[in-house]
>>> print(open('work28.cif').read())   # mmCIF, C-alpha atoms
data_start
loop_
_atom_site.label_atom_id
_atom_site.label_comp_id
_atom_site.auth_asym_id
_atom_site.auth_seq_id
_atom_site.Cartn_x
_atom_site.Cartn_y
_atom_site.Cartn_z
CA VAL A 1 108.96 123.24 76.86
CA TYR A 2 111.30 125.29 74.64
CA ARG A 3 114.59 126.48 76.13
CA PRO A 4 115.80 129.46 74.03
CA SER A 5 119.29 129.53 75.54
CA SER A 6 120.04 126.17 73.91
CA GLY A 7 117.34 125.87 71.22
CA ILE A 8 116.23 122.58 72.79
CA TRP A 9 112.64 121.35 73.02
CA TYR A 10 111.74 119.02 75.90
CA LEU A 11 108.77 116.94 74.78
CA ASN A 12 106.36 114.55 76.49
CA GLN A 13 105.48 111.98 73.83
CA SER A 14 102.56 110.50 75.79
CA ARG A 15 103.14 106.77 75.30
CA ASP A 16 106.89 107.02 74.65
CA GLY A 17 107.83 109.25 77.60
CA PHE A 18 110.04 112.32 77.47
CA THR A 19 112.58 113.24 74.83
CA ALA A 20 114.65 116.26 73.81
CA ALA A 21 115.11 117.75 70.34
CA GLN A 22 117.41 120.57 69.26
CA PHE A 23 115.48 122.89 66.93
CA GLY A 24 116.04 126.63 66.99
CA ILE A 25 118.45 129.29 68.23
CA SER A 26 118.38 131.71 71.15
CA GLU A 27 116.48 134.52 69.37
CA ASP A 28 113.68 132.25 68.10
CA LYS A 29 110.10 132.32 69.40
CA PRO A 30 108.37 128.93 69.85
CA VAL A 31 105.33 128.29 67.60
CA ALA A 32 104.30 124.70 68.35
CA SER A 33 100.95 123.80 66.75
CA ASP A 34 99.38 121.13 64.51
CA TYR A 35 100.41 122.34 61.04
CA ASP A 36 99.64 119.08 59.18
CA ASP A 37 96.31 118.00 60.78
CA ASP A 38 97.62 114.69 62.11
CA GLY A 39 96.39 115.44 65.63
CA LYS A 40 99.92 115.91 66.98
CA ALA A 41 101.72 119.13 67.84
CA ASP A 42 104.56 120.02 65.48
CA ILE A 43 107.51 121.95 66.87
CA GLY A 44 108.40 125.20 65.21
CA VAL A 45 110.11 128.52 65.69
CA PHE A 46 109.62 132.03 64.34
CA ARG A 47 112.92 133.86 63.81
CA PRO A 48 112.17 137.59 64.24
CA SER A 49 115.43 138.82 62.69
CA THR A 50 114.52 137.26 59.34
CA GLY A 51 110.73 136.80 59.58
CA VAL A 52 111.17 133.10 58.79
CA TRP A 53 109.11 130.26 60.29
CA TYR A 54 110.85 126.87 60.66
CA ILE A 55 108.46 124.00 61.37
CA ARG A 56 109.38 120.35 61.99
CA LEU A 57 106.34 118.20 61.26
CA SER A 58 105.62 115.25 63.56
CA SER A 59 104.69 113.26 60.44
CA GLY A 60 108.17 113.91 58.99
CA GLY A 61 109.59 116.71 56.90
CA PHE A 62 109.87 120.44 57.34
CA GLN A 63 108.10 123.63 56.32
CA ILE A 64 109.94 126.92 55.90
CA SER A 65 108.01 130.13 55.29
CA ARG A 66 108.89 133.81 55.33
CA PHE A 67 106.08 135.78 56.98
CA GLY A 68 106.27 138.61 59.49
CA LEU A 69 108.40 141.43 60.81
CA SER A 70 110.86 141.44 63.70
CA SER A 71 108.36 143.25 65.95
CA ASP A 72 105.46 140.86 65.20
CA ILE A 73 104.02 138.40 67.70
CA PRO A 74 103.53 134.92 66.16
CA THR A 75 99.96 133.62 66.62
CA PRO A 76 99.52 130.29 64.79
CA ALA A 77 96.00 128.83 64.81
CA ASP A 78 93.49 127.28 62.40
CA TYR A 79 91.91 130.45 60.98
CA ASP A 80 90.38 128.79 57.88
CA GLY A 81 88.85 125.71 59.55
CA ASP A 82 90.75 123.05 57.58
CA GLY A 83 92.25 121.39 60.67
CA LYS A 84 95.77 122.73 60.02
CA SER A 85 97.30 125.63 61.89
CA ASP A 86 97.90 128.69 59.75
CA ILE A 87 100.97 130.88 59.99
CA SER A 88 99.94 134.21 61.46
CA VAL A 89 101.26 137.25 63.29
CA TYR A 90 99.76 140.02 65.40
CA ARG A 91 100.90 143.62 64.98
CA ASP A 92 99.40 146.65 66.75
CA GLY A 93 95.78 145.48 66.79
CA THR A 94 95.89 143.70 63.43
CA TRP A 95 96.15 139.97 62.71
CA TYR A 96 97.87 138.86 59.47
CA PHE A 97 97.60 135.23 58.36
CA VAL A 98 98.10 132.86 55.44
CA ASN A 99 95.43 130.18 55.03
CA SER A 100 96.91 126.68 54.81
CA SER A 101 93.96 125.54 52.67
CA ASP A 102 94.58 127.84 49.70
CA GLY A 103 97.53 130.12 50.51
CA ALA A 104 95.26 133.18 50.61
CA PHE A 105 96.45 136.13 52.68
CA GLY A 106 94.08 137.49 55.31
CA VAL A 107 93.89 140.50 57.61
CA ALA A 108 91.64 141.04 60.63
CA VAL A 109 91.55 144.13 62.82
CA PHE A 110 90.87 143.13 66.42
CA GLY A 111 92.54 144.59 69.49
CA LEU A 112 94.62 147.63 70.28
CA SER A 113 98.31 148.43 70.17
CA GLY A 114 99.83 147.02 73.35
CA ASP A 115 97.32 144.17 73.70
CA HIS A 116 98.67 140.65 74.23
CA PRO A 117 97.16 138.26 71.68
CA THR A 118 96.32 134.63 72.32
CA SER A 119 95.52 132.05 69.68
CA GLY A 120 93.98 128.60 69.59
CA ASN A 121 91.71 126.36 67.61
#
>>> encode(input="work28.cif", output="structure tokens")
Amino acid sequence: VYRPSSGIWYLNQSRDGFTAAQFGISEDKPVASDYDDDGKADIGVFRPSTGVWYIRLSSGGFQISRFGLSSDIPTPADYDGDGKSDISVYRDGTWYFVNSSDGAFGVAVFGLSGDHPTSGN
């Protein structure tokens, strides 16, 4: 669970129980997904005001990427099939993404303006 008012994530670590981690600010949108293909969800936030993604990897380390506009809806998922979630956004019926496998930029038209996108693997 991500609590935007405090920027705190409340996490169930399966074997280790619950924990809390401060990562983000009130305007951020949560983008938890498996960005490093270790089988564990990584916590992350998309900051609409700057279009920057901040990702804290469960394996250690961070990823910071600039991708998206303030009006975009973040939609991370594994679009290129390499096991790692790709950074992506949805805007008015169009999906924009960056493949984690090779850094290639992709665009897919699917949906209409006003639709609510969902993403997954």
>>> resolve_selection(input="work28.cif", expression="the PyMOL selection byres ((chain A and resi 4-16) around 10)", output="compact mmCIF listing (two decimals) with C-alpha atoms, keeping the file's coordinate frame")
# COMPACT_ATOMS: atom_id res chain seq x y z
CA VAL A 1 108.96 123.24 76.86
CA TYR A 2 111.30 125.29 74.64
CA ARG A 3 114.59 126.48 76.13
CA GLY A 17 107.83 109.25 77.60
CA PHE A 18 110.04 112.32 77.47
CA THR A 19 112.58 113.24 74.83
CA ALA A 20 114.65 116.26 73.81
CA ALA A 21 115.11 117.75 70.34
CA GLN A 22 117.41 120.57 69.26
CA PHE A 23 115.48 122.89 66.93
CA GLY A 24 116.04 126.63 66.99
CA ILE A 25 118.45 129.29 68.23
CA SER A 26 118.38 131.71 71.15
CA GLU A 27 116.48 134.52 69.37
CA ASP A 28 113.68 132.25 68.10
CA LYS A 29 110.10 132.32 69.40
CA PRO A 30 108.37 128.93 69.85
CA LYS A 40 99.92 115.91 66.98
CA ILE A 43 107.51 121.95 66.87
CA GLY A 44 108.40 125.20 65.21
CA VAL A 45 110.11 128.52 65.69
>>> atom_distance(input="work28.cif", atom1="atom CA of Asp37 of chain A", atom2="atom CA of Asp92 of chain A")
29.4 Å
>>> closest_residue(input="work28.cif", among="A:Phe105, A:Tyr35, A:Tyr90, A:Trp53", to="Ser71 of chain A", atoms="all atoms listed in the file")
A:Tyr90
>>> closest_residue(input="work28.cif", among="A:Ser70, A:Ser119, A:Val107, A:Pro48", to="Ser85 of chain A", atoms="only C-alpha atoms")
A:Ser119
>>> resolve_selection(input="work28.cif", expression="the PyMOL selection byres ((chain A and resi 81) around 12)", output="list in words")
Asp37, Ala77, Asp78, Tyr79, Asp80, Asp82, Gly83, Lys84, Ser85, Asp86, Asn99, Ser100, Ser101, Asp102, Gly120 and Asn121 of chain A
>>> atom_distance(input="work28.cif", atom1="atom CA of Phe62 of chain A", atom2="atom CA of Asp34 of chain A")
12.7 Å
>>> axis_aligned_box(input="work28.cif", around="segment 84-99 of chain A", padding_each_side="4 Å", output="AutoDock Vina command-line options")
--center_x 98.3 --center_y 134.7 --center_z 60.9 --size_x 13.8 --size_y 31.9 --size_z 19.8
>>> closest_residue(input="work28.cif", among="A:Thr75, A:Val31, A:Gly68, A:Val109", to="Arg56 of chain A", atoms="all atoms listed in the file")
A:Val31
>>> resolve_selection(input="work28.cif", expression="the PyMOL selection byres ((chain A and resi 52) around 7)", output="number ranges by chain")
A: 46-47, 50-51, 53-54, 64-67
>>> decode(input="work28.cif", residues="segment 2-105 of chain A", atoms="C-alpha atoms", output="compact mmCIF listing (two decimals), in the first residue's frame")
# COMPACT_ATOMS: atom_id res chain seq x y z
CA TYR A 2 1.30 3.47 -0.88
CA ARG A 3 0.15 6.41 1.25
CA PRO A 4 0.64 9.61 -0.81
CA SER A 5 0.08 11.98 2.12
CA SER A 6 3.31 10.74 3.71
CA GLY A 7 5.14 9.04 0.81
CA ILE A 8 5.27 5.83 2.85
CA TRP A 9 4.94 2.31 1.43
CA TYR A 10 3.53 -0.39 3.71
CA LEU A 11 4.89 -3.72 2.50
CA ASN A 12 4.18 -7.37 3.26
CA GLN A 13 7.51 -9.14 2.84
CA SER A 14 6.01 -12.65 2.89
CA ARG A 15 8.45 -14.48 5.18
CA ASP A 16 9.65 -11.38 7.05
CA GLY A 17 6.26 -9.83 7.86
CA PHE A 18 5.27 -6.22 7.38
CA THR A 19 7.54 -3.21 7.07
CA ALA A 20 7.29 0.45 6.07
CA ALA A 21 9.53 2.41 3.71
CA GLN A 22 9.49 6.13 2.95
CA PHE A 23 9.84 6.60 -0.81
CA GLY A 24 8.01 9.38 -2.63
CA ILE A 25 6.14 12.62 -2.04
CA SER A 26 2.45 13.53 -1.99
CA GLU A 27 2.11 14.23 -5.74
CA ASP A 28 3.73 10.94 -6.82
CA LYS A 29 1.85 8.05 -8.44
CA PRO A 30 2.84 4.52 -7.31
CA VAL A 31 4.40 2.28 -10.00
CA ALA A 32 5.38 -0.92 -8.16
CA SER A 33 6.46 -3.68 -10.55
CA ASP A 34 9.36 -6.11 -11.13
CA TYR A 35 11.86 -3.90 -12.98
CA ASP A 36 14.91 -6.18 -12.51
CA ASP A 37 13.42 -9.67 -13.14
CA ASP A 38 14.26 -11.04 -9.70
CA GLY A 39 10.68 -12.18 -9.10
CA LYS A 40 10.06 -9.49 -6.47
CA ALA A 41 8.09 -6.27 -6.78
CA ASP A 42 10.21 -3.12 -6.74
CA ILE A 43 8.69 0.05 -5.30
CA GLY A 44 8.61 3.09 -7.50
CA VAL A 45 6.88 6.38 -8.12
CA PHE A 46 6.12 8.49 -11.17
CA ARG A 47 6.33 12.23 -10.45
CA PRO A 48 3.92 13.93 -12.89
CA SER A 49 5.28 17.46 -12.35
CA THR A 50 8.68 16.44 -13.74
CA GLY A 51 7.90 13.26 -15.72
CA VAL A 52 10.54 11.41 -13.68
CA TRP A 53 10.30 7.78 -12.54
CA TYR A 54 12.08 6.87 -9.28
CA ILE A 55 12.44 3.12 -8.74
CA ARG A 56 13.97 1.39 -5.70
CA LEU A 57 15.03 -2.11 -6.73
CA SER A 58 14.46 -4.96 -4.27
CA SER A 59 17.88 -6.31 -5.29
CA GLY A 60 19.50 -3.01 -4.24
CA GLY A 61 20.11 0.24 -6.06
CA PHE A 62 17.91 2.72 -7.84
CA GLN A 63 16.77 3.61 -11.34
CA ILE A 64 15.83 7.15 -12.32
CA SER A 65 14.30 7.84 -15.73
CA ARG A 66 12.59 10.82 -17.31
CA PHE A 67 9.61 9.64 -19.37
CA GLY A 68 6.12 11.08 -19.62
CA LEU A 69 4.03 14.20 -19.25
CA SER A 70 2.14 15.49 -16.23
CA SER A 71 -1.19 14.33 -17.70
CA ASP A 72 0.04 10.78 -18.51
CA ILE A 73 -1.10 7.66 -16.68
CA PRO A 74 1.84 5.40 -15.74
CA THR A 75 1.37 1.80 -16.99
CA PRO A 76 4.50 -0.27 -16.26
CA ALA A 77 4.48 -3.84 -17.60
CA ASP A 78 6.75 -6.23 -19.50
CA TYR A 79 5.99 -5.14 -23.08
CA ASP A 80 9.10 -6.72 -24.67
CA GLY A 81 8.95 -10.15 -22.96
CA ASP A 82 12.34 -10.02 -21.22
CA GLY A 83 10.92 -10.55 -17.72
CA LYS A 84 11.53 -6.93 -16.64
CA SER A 85 8.82 -4.32 -16.41
CA ASP A 86 9.18 -1.52 -18.93
CA ILE A 87 8.51 2.13 -18.16
CA SER A 88 5.37 3.17 -20.00
CA VAL A 89 2.58 5.72 -20.01
CA TYR A 90 -0.91 5.93 -21.48
CA ARG A 91 -2.15 9.15 -23.09
CA ASP A 92 -5.48 9.60 -24.89
CA GLY A 93 -5.69 6.14 -26.45
CA THR A 94 -1.95 5.74 -27.07
CA TRP A 95 0.61 3.72 -25.10
CA TYR A 96 4.23 4.94 -25.04
CA PHE A 97 6.95 2.67 -23.66
CA VAL A 98 10.70 2.11 -23.46
CA ASN A 99 11.84 -1.51 -23.78
CA SER A 100 14.11 -2.56 -20.92
CA SER A 101 15.85 -5.08 -23.20
CA ASP A 102 17.30 -2.59 -25.68
CA GLY A 103 16.08 0.92 -24.75
CA ALA A 104 13.97 1.13 -27.92
CA PHE A 105 10.99 3.48 -27.83
